[in-house]
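Enquirer: What follows is a single structure, and I will ask about it in a moment.
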Amino acid sequence: MTEALLSVENLHTQFRTEGGLVQAVDDVSFNIQAGETFALVGESGCGKSVTALSIMGLIPNPPGEITSGSIQFGGVDLLKLSSTEMRSIRGSKIGMIFQEPMSSLNPVLTIESQLAEPLKIHTGLSASAANDRAQELIDMVGIPDSKTRLKQYPHELSGGQRQRIMIAMAMACAPRLLIADEATTALDVTIQAQILDLMQEVTEKSGAALLIITHNLGIVARYADRVAVMYAGKLREVGDASDIYAASQHPYTVGLLRSVPRLDSEKGTPLSPIGGEIPDLTNLPGGCAFNPRCQWAVDRCSVEEPELIEISQGKQVACFEHASVSLNV
Amino acid sequence: MVGIITFTLVYVGPGDPAAIIAGDEATPEILEEIREDLGFNRPFPVQMGDWFWKLLQGDLGTSYFSRREITELITPRLQPTLSLGFQVVVLSTLIGISTGMLAAWKAGSRLDRNLMILAVLGFATPGFWLAFLTIWVFAVNLGWFPVIGYKPIQDGLIPHLHSMFLPVMVNSILASAFISRITRSAMLEVLREDYIRTARAKGASEFSVFIRHAFRPSAIPVATVIGASIAGLATGFVLTETIFAIPGLGRMLVDSIVRRDYPIIQALLMVVATVLIAVNLIVDILYAYIDPRIRY
């Protein structure tokens with residue numbers, strides 16, 4: 001395999017909160033290859049957004065801080081760059097789309113000025129050339145009547161259109177990696193599919209890799225090449241999307257898959273949600289953080305923390321009992 | 001509405017202008033004659049109706065004492081007050097917004113804390129006290145500025161500004177304290193918004209994030225406060241003009257109240273009310289300019 005586009009190694013990011021120190025990202029490592037679609041999955045508060053913000057260098061400090069690890073991107077360690085060097089990568093080599101299309105665009109600036117901004121910052125295009133390019137970008141993301149749209153303000157657009165604008169903005173400088181942090185969560189289902197199709201289309205066209213951060217397993221199944229499942233700040237399972245769906249070997253992933261209705265399941269089969277609650281991050285259970293909710297848990301699980309180990313080509317699992325874990329039990 | 005309240009308040013207020021005009025040795029006959037002459041003996045609604053009718057025609061009435069048209073009396077008094085008002089609004093806006101932004105930029109730092117301590121002192125300080133203090137320090141002891149002695153703008157801009165410096169500074173410092181605090185808190189609020197994170201994700205510099213992305217959305221509360229501080233100035237000027245002996249409208253109001261010159265008091269209150277309504281209208285129009293989501 002060629003060298004990865006993005007290689008996150010042993011990333012640790014922590015937050016100081018009133019309740020104590022929270023290890024939001026705890027020893028996370030993964031690779032994203034050029035051009036692939038990689039999904040980071042987990043429930044709310046598991047650290048997936050913090051991972052993305054760590055890559056972008058946008059962890060608010062204080063209270064947050066990246067304490068150790070490295071993030072290799074195109075041969076450089078992003079964590080060693082100065083803030084000015086990092087700024088030249090943000091928006092140019094890595095684009096990012098956020099969860100809330102309603103509040104992620106500046107309400108008092110026109111679409112044109114917001115779209116042209118990354119171009120002016122990173123490419124040195126003249127103002128008029130940047131504005132022309134802005135119009136092309138609107139055409140690219142499939143919003144009709146681009147000329148009128150340029151002069152409008154975000155509140156005059158619908159949620160889906162705003163998210164298209166966000167995509168256009170993130171793709172303006174043809175980045176090599178696009179991060180979509182819950183980019184479709186706030187949209188309704190039909191629009192979700194359109195936005196995801198669009199993201200896949202634009203990244204495929206430009207050869208950019210796509211990092212999808214989501215809690216929606218349906219999205220993962222349809223769009224991702226590879227998947228990493230995160231729980232309580234740690235990666236629990238990494239592998240090819242199809243493989244994870246067919247033969248997950250981590251109890252948490254299995255729990256997630258079982259709690260989603262499937263078209264191919266027999267009529268009348270009840271859904272089985274994961275029991276218990278998400279642990280308090282300031283006070284994690286000992287050993288494997290998932291053990292109190294795990295049906296496969298053995299004595300060892302509450303004492304010892306399982307490492308993320310490679311169990312077959314391209315598949316990593318962090319579970320002592322992975323051999324017996326299966327979707328069909 | 002403002003007119004009715006103004007007229008009624010002045011009407012029911014204590015004191016008899018006829019007695020003041022006539023002096024100490026007036027006989028009841030003379031007093032009665034003066035009252036008849038000025039129309040005090042007419043019923044209240046008739047007096048008010050008459051006043052309103054003239055007001056609509058741009059006639060503010062006639063002074064009881066000088067017997068001159070009030071519009072004529074007010075005109076020369078406008079310039080000092082307008083000049084003072086304009087300078088204070090410009091200066092306090094500049095000081096208030098720049099210190100507020102500086103404090104927000106360095107939020108949590110020693111600079112931020114010191115600026116905000118100054119701001120708290122600024123609006124806890126009584127205006128008259130600061131006025132006397134500055135007169136004592138800069139005029140009496142240092143002699144840099146005249147204690148009193150207003151120079152109109154016709155004497156040249158520099159002498160005019162020089163003679164106005166202390167009253168302008170006193171009012172600006174007090175007004176800017178409030179503007180500064182509001183600017184700081186509005187900026188800090190906006191800096192937490194999602195679109196600020198988007199701007200950073202585009203690679204915008206901190207300076208651009210601050211000026212281009214954060215300032216305008218936070219300008220609405222700031223504009224409101226500037227409008228409100230102009231209303232506050234209307235009362236502040238009565239004090240300032242009296243202390244610094246500036247022959248403006250505020251001074252005129254005090255003199256007229258002492259003399260029970262009702263038509264002038266009524267006229268000045270109407271002027272102040274008109275100015276305040278105009279300021280509110282301007283602020284509302286500014287809102288629509290600042291924030292494209294606001295349309296009337």
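By order of appearance in the structure tokens: chains A, B, ..., then residues from 1 within every chain, and ligands from 1 in the order shown.
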Can you work out which residues from chain A touch chain B at a cut-off of 8 Å (counting only C-alpha atoms) and hand them back as a ChimeraX atom specification?
Expert: /A:56,58,87-92,95-98,100,103-108,117-118,121,153,155,169-170
Enquirer: Would you output that residue set with C-alpha atoms, as a short mmCIF file (atom, residue, chain, number, x, y, z; two decimals), in the first residue's frame?
Expert:
```
data_model
loop_
_atom_site.label_atom_id
_atom_site.label_comp_id
_atom_site.auth_asym_id
_atom_site.auth_seq_id
_atom_site.Cartn_x
_atom_site.Cartn_y
_atom_site.Cartn_z
CA MET A 56 -7.84 20.92 11.75
CA LEU A 58 -9.16 24.03 15.86
CA ARG A 87 -3.66 28.41 8.67
CA SER A 88 -2.26 27.96 5.19
CA ILE A 89 -3.36 24.30 5.28
CA ARG A 90 -6.81 24.92 6.70
CA GLY A 91 -9.26 25.72 3.94
CA SER A 92 -6.66 25.00 1.28
CA GLY A 95 -11.62 21.54 3.95
CA MET A 96 -14.22 21.04 6.61
CA ILE A 97 -18.02 21.05 6.72
CA PHE A 98 -19.86 21.40 9.99
CA GLU A 100 -25.22 23.11 11.65
CA SER A 103 -25.47 28.75 12.03
CA SER A 104 -22.26 27.87 10.20
CA LEU A 105 -22.49 30.68 7.67
CA ASN A 106 -21.97 34.28 8.71
CA PRO A 107 -25.41 35.93 8.70
CA VAL A 108 -24.18 39.40 7.75
CA GLU A 117 -12.85 34.25 0.99
CA PRO A 118 -10.83 31.00 1.00
CA ILE A 121 -6.72 33.84 1.36
CA TYR A 153 -27.44 36.27 2.49
CA HIS A 155 -30.97 33.42 5.71
CA MET A 169 -16.61 26.72 0.32
CA ALA A 170 -14.71 23.74 1.68
#
```
Enquirer: Extract, using only C-alpha atoms, all DNA, RNA and protein residues at most 8 Å from region 64-79 of chain A, discarding same-chain residues fewer than 3 positions from it, and format them as a PyMOL selection string.
Expert: chain A and resi 4-16+27+54-55+57+59-61+86
Enquirer: Could you take the residues named above and write them with N, CA and C atoms, as a JSON list (two decimals), in the first residue's frame?
Expert:
```json
[["chain", "number", "residue", "atom", "x", "y", "z"],
["A", 4, "ALA", "N", 0.03, 6.71, 3.33],
["A", 4, "ALA", "CA", -1.29, 7.29, 3.57],
["A", 4, "ALA", "C", -1.27, 8.80, 3.41],
["A", 5, "LEU", "N", -2.43, 9.35, 3.01],
["A", 5, "LEU", "CA", -2.57, 10.80, 2.91],
["A", 5, "LEU", "C", -2.56, 11.42, 4.31],
["A", 6, "LEU", "N", -3.37, 10.81, 5.17],
["A", 6, "LEU", "CA", -3.45, 11.30, 6.54],
["A", 6, "LEU", "C", -3.16, 10.15, 7.46],
["A", 7, "SER", "N", -2.26, 10.39, 8.39],
["A", 7, "SER", "CA", -1.92, 9.32, 9.29],
["A", 7, "SER", "C", -1.91, 9.86, 10.71],
["A", 8, "VAL", "N", -2.94, 9.48, 11.47],
["A", 8, "VAL", "CA", -3.05, 9.93, 12.85],
["A", 8, "VAL", "C", -2.42, 8.86, 13.73],
["A", 9, "GLU", "N", -1.45, 9.26, 14.56],
["A", 9, "GLU", "CA", -0.73, 8.29, 15.40],
["A", 9, "GLU", "C", -0.87, 8.66, 16.86],
["A", 10, "ASN", "N", -1.42, 7.76, 17.64],
["A", 10, "ASN", "CA", -1.49, 7.90, 19.10],
["A", 10, "ASN", "C", -1.95, 9.27, 19.57],
["A", 11, "LEU", "N", -2.99, 9.77, 18.93],
["A", 11, "LEU", "CA", -3.48, 11.10, 19.27],
["A", 11, "LEU", "C", -4.16, 11.11, 20.65],
["A", 12, "HIS", "N", -3.75, 12.07, 21.47],
["A", 12, "HIS", "CA", -4.40, 12.27, 22.77],
["A", 12, "HIS", "C", -4.87, 13.71, 22.84],
["A", 13, "THR", "N", -6.15, 13.92, 23.01],
["A", 13, "THR", "CA", -6.65, 15.29, 23.20],
["A", 13, "THR", "C", -7.49, 15.31, 24.46],
["A", 14, "GLN", "N", -7.20, 16.26, 25.34],
["A", 14, "GLN", "CA", -7.98, 16.30, 26.59],
["A", 14, "GLN", "C", -8.58, 17.67, 26.82],
["A", 15, "PHE", "N", -9.63, 17.68, 27.61],
["A", 15, "PHE", "CA", -10.32, 18.92, 27.96],
["A", 15, "PHE", "C", -10.37, 19.04, 29.47],
["A", 16, "ARG", "N", -10.08, 20.25, 29.93],
["A", 16, "ARG", "CA", -10.27, 20.52, 31.37],
["A", 16, "ARG", "C", -11.70, 21.02, 31.55],
["A", 27, "ASP", "N", -5.48, 7.99, 22.64],
["A", 27, "ASP", "CA", -4.62, 7.08, 21.91],
["A", 27, "ASP", "C", -5.27, 6.57, 20.62],
["A", 54, "SER", "N", -9.05, 18.24, 16.04],
["A", 54, "SER", "CA", -7.62, 18.09, 16.30],
["A", 54, "SER", "C", -6.84, 18.11, 14.98],
["A", 55, "ILE", "N", -7.40, 17.42, 13.97],
["A", 55, "ILE", "CA", -6.74, 17.40, 12.67],
["A", 55, "ILE", "C", -6.68, 18.81, 12.10],
["A", 57, "GLY", "N", -6.62, 21.52, 13.77],
["A", 57, "GLY", "CA", -5.94, 22.48, 14.64],
["A", 57, "GLY", "C", -6.90, 23.50, 15.20],
["A", 59, "ILE", "N", -8.88, 22.95, 18.02],
["A", 59, "ILE", "CA", -9.30, 22.66, 19.38],
["A", 59, "ILE", "C", -9.21, 23.95, 20.19],
["A", 60, "PRO", "N", -10.33, 24.39, 20.77],
["A", 60, "PRO", "CA", -10.26, 25.62, 21.55],
["A", 60, "PRO", "C", -9.38, 25.43, 22.79],
["A", 61, "ASN", "N", -8.36, 26.25, 22.89],
["A", 61, "ASN", "CA", -7.40, 26.09, 23.97],
["A", 61, "ASN", "C", -7.25, 27.40, 24.72],
["A", 86, "MET", "N", -0.25, 26.39, 9.86],
["A", 86, "MET", "CA", -1.48, 25.60, 9.97],
["A", 86, "MET", "C", -2.61, 26.30, 9.23]]
```
Enquirer: Quick one: pull the distance between CA of Phe210 (chain B) and CA of Gln114 (chain A), Å, one decimal.
Expert: 14.8 Å
Enquirer: May I ask for the distance between CA of Glu237 (chain A) and CA of Ala318 (chain A), given in Å to one decimal place?
Expert: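 That distance, rounded to one decimal, is 6.2 Å.
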Enquirer: Running DSSP on the backbone, which parts of region 57-300 of chain A land in strand (DSSP E or B), as an MDAnalysis selection string?
Expert: chainID A and resid 64:73 76:77 90 94:97 177:181 209:214 226:231 234:240
Enquirer: Next, the residues of the selection above should be written as a PDB file, in the first residue's frame with C-alpha atoms.
Expert:
```
ATOM      1  CA  GLY A  64      -8.796  21.758  25.203  1.00  0.00           C
ATOM      2  CA  GLU A  65      -5.285  20.586  24.465  1.00  0.00           C
ATOM      3  CA  ILE A  66      -3.594  17.986  22.282  1.00  0.00           C
ATOM      4  CA  THR A  67      -1.201  16.380  24.723  1.00  0.00           C
ATOM      5  CA  SER A  68       0.622  13.904  22.518  1.00  0.00           C
ATOM      6  CA  GLY A  69       0.624  12.045  19.231  1.00  0.00           C
ATOM      7  CA  SER A  70       1.258  13.062  15.668  1.00  0.00           C
ATOM      8  CA  ILE A  71      -0.880  13.849  12.663  1.00  0.00           C
ATOM      9  CA  GLN A  72       1.044  13.244   9.433  1.00  0.00           C
ATOM     10  CA  PHE A  73      -0.561  14.877   6.449  1.00  0.00           C
ATOM     11  CA  VAL A  76       4.341  16.882   7.476  1.00  0.00           C
ATOM     12  CA  ASP A  77       3.310  16.641  11.105  1.00  0.00           C
ATOM     13  CA  ARG A  90      -6.808  24.915   6.702  1.00  0.00           C
ATOM     14  CA  ILE A  94      -8.044  20.319   4.198  1.00  0.00           C
ATOM     15  CA  GLY A  95     -11.616  21.539   3.952  1.00  0.00           C
ATOM     16  CA  MET A  96     -14.215  21.039   6.614  1.00  0.00           C
ATOM     17  CA  ILE A  97     -18.022  21.047   6.715  1.00  0.00           C
ATOM     18  CA  LEU A 177      -9.045  15.942   2.311  1.00  0.00           C
ATOM     19  CA  LEU A 178     -12.627  16.945   3.047  1.00  0.00           C
ATOM     20  CA  ILE A 179     -13.879  16.462   6.589  1.00  0.00           C
ATOM     21  CA  ALA A 180     -17.639  16.306   7.007  1.00  0.00           C
ATOM     22  CA  ASP A 181     -18.466  16.540  10.704  1.00  0.00           C
ATOM     23  CA  ALA A 209     -10.255  11.838   0.379  1.00  0.00           C
ATOM     24  CA  LEU A 210     -13.438  12.160   2.407  1.00  0.00           C
ATOM     25  CA  LEU A 211     -13.623  11.752   6.164  1.00  0.00           C
ATOM     26  CA  ILE A 212     -17.256  11.342   7.217  1.00  0.00           C
ATOM     27  CA  ILE A 213     -17.988  11.746  10.882  1.00  0.00           C
ATOM     28  CA  THR A 214     -21.397  10.420  11.767  1.00  0.00           C
ATOM     29  CA  ARG A 226     -13.497   1.949   5.505  1.00  0.00           C
ATOM     30  CA  VAL A 227     -14.899   2.503   8.964  1.00  0.00           C
ATOM     31  CA  ALA A 228     -13.518   3.235  12.406  1.00  0.00           C
ATOM     32  CA  VAL A 229     -15.855   2.786  15.360  1.00  0.00           C
ATOM     33  CA  MET A 230     -15.172   4.971  18.344  1.00  0.00           C
ATOM     34  CA  TYR A 231     -16.373   4.615  21.917  1.00  0.00           C
ATOM     35  CA  LYS A 234     -10.901   5.152  21.833  1.00  0.00           C
ATOM     36  CA  LEU A 235     -11.129   3.334  18.535  1.00  0.00           C
ATOM     37  CA  ARG A 236     -12.736  -0.057  19.056  1.00  0.00           C
ATOM     38  CA  GLU A 237     -12.848  -1.502  15.585  1.00  0.00           C
ATOM     39  CA  VAL A 238     -11.395  -0.491  12.236  1.00  0.00           C
ATOM     40  CA  GLY A 239     -11.968  -2.232   8.944  1.00  0.00           C
ATOM     41  CA  ASP A 240     -13.556  -2.301   5.510  1.00  0.00           C
TER      42      ASP A 240
END
```
Enquirer: List as a ChimeraX atom specification the protein and nucleic acid residues near Val254 (chain B), meaning an atom at most 9 Å away when only C-alpha atoms are counted, but skip any in the same chain fewer than 4 places from it.
Expert: /B:238,242,249-250,258-259,265
Enquirer: Please write the residues from the selection above to a file, keeping N, CA and C atoms, as a compact mmCIF listing (two decimals), in the first residue's frame.
Expert:
```txt
# COMPACT_ATOMS: atom_id res chain seq x y z
N VAL B 238 -27.35 69.27 30.63
CA VAL B 238 -27.86 70.30 31.54
C VAL B 238 -26.80 70.59 32.60
N THR B 242 -23.99 73.83 32.60
CA THR B 242 -24.05 74.71 33.76
C THR B 242 -22.67 74.83 34.40
N LEU B 249 -28.33 74.80 25.05
CA LEU B 249 -29.72 74.57 25.38
C LEU B 249 -29.91 74.11 26.82
N GLY B 250 -28.96 73.34 27.33
CA GLY B 250 -29.08 72.81 28.69
C GLY B 250 -29.07 73.94 29.70
N VAL B 258 -35.67 78.24 36.50
CA VAL B 258 -35.53 79.16 37.63
C VAL B 258 -36.51 80.32 37.48
N ARG B 259 -36.69 80.81 36.25
CA ARG B 259 -37.54 81.99 36.01
C ARG B 259 -39.00 81.64 35.77
N ILE B 265 -39.51 76.35 28.57
CA ILE B 265 -39.35 74.98 29.08
C ILE B 265 -40.08 74.00 28.17
```
Enquirer: Quick one, how far is CA of Gln295 (chain A) from CA of Ser242 (chain A)?
Expert: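 One can read the CA of Gln295 (chain A) to CA of Ser242 (chain A) distance as 23.8 Å.
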Enquirer: Which residues are near region 95-100 of chain B? Cut-off 7 Å, only C-alpha atoms, ignore same chain within fewer than 6 positions. Put them as a PyMOL selection string.
Expert: chain B and resi 176-177+179-181+183-184
Enquirer: Could you pull the residues within 12 Å of Ala245 (chain B), counting only C-alpha atoms, minus those fewer than 4 positions along the same chain, as JSON, numbers by chain?
Expert: {"B": [80, 81, 131, 135, 146, 147, 148, 149, 150, 151, 163, 164, 166, 167, 237, 238, 239, 240, 241, 249, 250, 251, 252, 254, 255]}
Enquirer: Using only C-alpha atoms, which residues sit within 10 Å of region 42-56 of chain B once same-chain residues fewer than 3 positions away are excluded, as a PyMOL selection string?
Expert: chain B and resi 3-4+7-8+11+35-36+38-39+59-61+263+266-267+270
Enquirer: Going by DSSP on the backbone, which bits of region 109-259 of chain B are alpha helix (DSSP H)? Write them as a PyMOL selection string, please.
Expert: chain B and resi 110-124+127-134+157-191+194-201+206-208+219-243+249-259
Enquirer: Kindly save the residues from that selection, with C-alpha atoms included, as a compact mmCIF listing (two decimals), in the first residue's frame.
Expert:
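Just written: selection.txt:
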```txt
# COMPACT_ATOMS: atom_id res chain seq x y z
CA ARG B 110 -4.44 41.69 32.51
CA LEU B 111 -5.15 44.32 29.84
CA ASP B 112 -8.75 43.12 29.61
CA ARG B 113 -9.17 43.25 33.37
CA ASN B 114 -7.69 46.73 33.66
CA LEU B 115 -9.86 48.08 30.85
CA MET B 116 -12.96 46.67 32.45
CA ILE B 117 -12.03 48.06 35.87
CA LEU B 118 -11.74 51.46 34.17
CA ALA B 119 -15.11 50.94 32.51
CA VAL B 120 -16.78 50.13 35.82
CA LEU B 121 -15.19 53.22 37.35
CA GLY B 122 -16.38 55.15 34.31
CA PHE B 123 -20.01 54.47 34.83
CA ALA B 124 -19.88 54.62 38.58
CA GLY B 127 -20.54 63.42 36.02
CA PHE B 128 -20.48 66.61 38.09
CA TRP B 129 -17.70 65.25 40.28
CA LEU B 130 -15.53 64.35 37.30
CA ALA B 131 -16.30 67.75 35.79
CA PHE B 132 -15.12 69.61 38.91
CA LEU B 133 -12.10 67.33 39.22
CA THR B 134 -10.97 68.01 35.65
CA LEU B 157 -11.99 75.53 14.87
CA ILE B 158 -8.95 75.15 17.11
CA PRO B 159 -9.99 77.74 19.76
CA HIS B 160 -13.48 76.25 19.64
CA LEU B 161 -12.26 72.70 20.22
CA HIS B 162 -9.85 73.92 22.87
CA SER B 163 -12.58 75.67 24.83
CA MET B 164 -14.78 72.56 24.56
CA PHE B 165 -12.07 70.03 25.42
CA LEU B 166 -12.85 69.44 29.09
CA PRO B 167 -16.64 69.11 28.78
CA VAL B 168 -16.21 66.84 25.77
CA MET B 169 -13.73 64.63 27.61
CA VAL B 170 -15.84 64.37 30.75
CA ASN B 171 -18.93 63.30 28.85
CA SER B 172 -17.04 61.00 26.48
CA ILE B 173 -15.29 59.10 29.24
CA LEU B 174 -18.57 58.45 31.00
CA ALA B 175 -20.45 57.45 27.86
CA SER B 176 -17.63 55.30 26.45
CA ALA B 177 -17.47 53.16 29.59
CA PHE B 178 -20.84 51.65 28.82
CA ILE B 179 -20.19 51.29 25.09
CA SER B 180 -16.91 49.55 25.89
CA ARG B 181 -18.47 46.93 28.14
CA ILE B 182 -21.25 46.18 25.70
CA THR B 183 -18.82 45.91 22.79
CA ARG B 184 -16.69 43.45 24.73
CA SER B 185 -19.53 41.19 25.78
CA ALA B 186 -21.18 41.30 22.34
CA MET B 187 -17.90 40.37 20.65
CA LEU B 188 -17.24 37.51 23.05
CA GLU B 189 -20.71 36.19 22.42
CA VAL B 190 -20.31 36.29 18.64
CA LEU B 191 -16.87 34.67 18.85
CA ASP B 194 -20.45 28.37 14.64
CA TYR B 195 -19.68 30.67 11.74
CA ILE B 196 -16.58 31.92 13.52
CA ARG B 197 -15.33 28.33 13.56
CA THR B 198 -16.19 28.12 9.86
CA ALA B 199 -14.12 31.23 9.21
CA ARG B 200 -11.18 29.69 11.04
CA ALA B 201 -11.64 26.46 9.10
CA GLU B 206 -7.34 35.86 13.69
CA PHE B 207 -7.44 39.53 12.73
CA SER B 208 -9.80 38.84 9.83
CA ALA B 219 -22.65 45.81 16.30
CA ILE B 220 -26.40 45.68 17.00
CA PRO B 221 -26.27 45.85 20.77
CA VAL B 222 -23.49 48.42 20.42
CA ALA B 223 -25.67 50.64 18.22
CA THR B 224 -28.49 50.32 20.74
CA VAL B 225 -26.23 51.44 23.55
CA ILE B 226 -24.88 54.38 21.56
CA GLY B 227 -28.45 55.47 20.89
CA ALA B 228 -29.28 55.14 24.57
CA SER B 229 -26.19 57.08 25.56
CA ILE B 230 -27.30 59.96 23.34
CA ALA B 231 -30.53 60.01 25.35
CA GLY B 232 -28.43 60.05 28.50
CA LEU B 233 -26.42 62.95 27.13
CA ALA B 234 -29.55 65.09 26.93
CA THR B 235 -29.71 65.12 30.71
CA GLY B 236 -25.94 65.15 31.10
CA PHE B 237 -25.67 68.37 29.13
CA VAL B 238 -27.86 70.30 31.54
CA LEU B 239 -25.21 69.60 34.13
CA THR B 240 -22.16 70.01 31.93
CA GLU B 241 -23.27 73.25 30.36
CA THR B 242 -24.05 74.71 33.76
CA ILE B 243 -20.71 73.72 35.25
CA LEU B 249 -29.72 74.57 25.38
CA GLY B 250 -29.08 72.81 28.69
CA ARG B 251 -28.07 76.08 30.34
CA MET B 252 -31.10 77.76 28.81
CA LEU B 253 -33.36 75.10 30.29
CA VAL B 254 -31.98 75.61 33.79
CA ASP B 255 -32.31 79.39 33.52
CA SER B 256 -35.87 79.10 32.27
CA ILE B 257 -36.90 76.76 35.04
CA VAL B 258 -35.53 79.16 37.63
CA ARG B 259 -37.54 81.99 36.01
```
Enquirer: Hey, which of A:Leu198, A:Ala247, A:Cys301, A:Leu125 ends up closest to Val325 (chain A)? Count only C-alpha atoms.
Expert: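 Under the stated criterion, the closest residue is A:Ala247.
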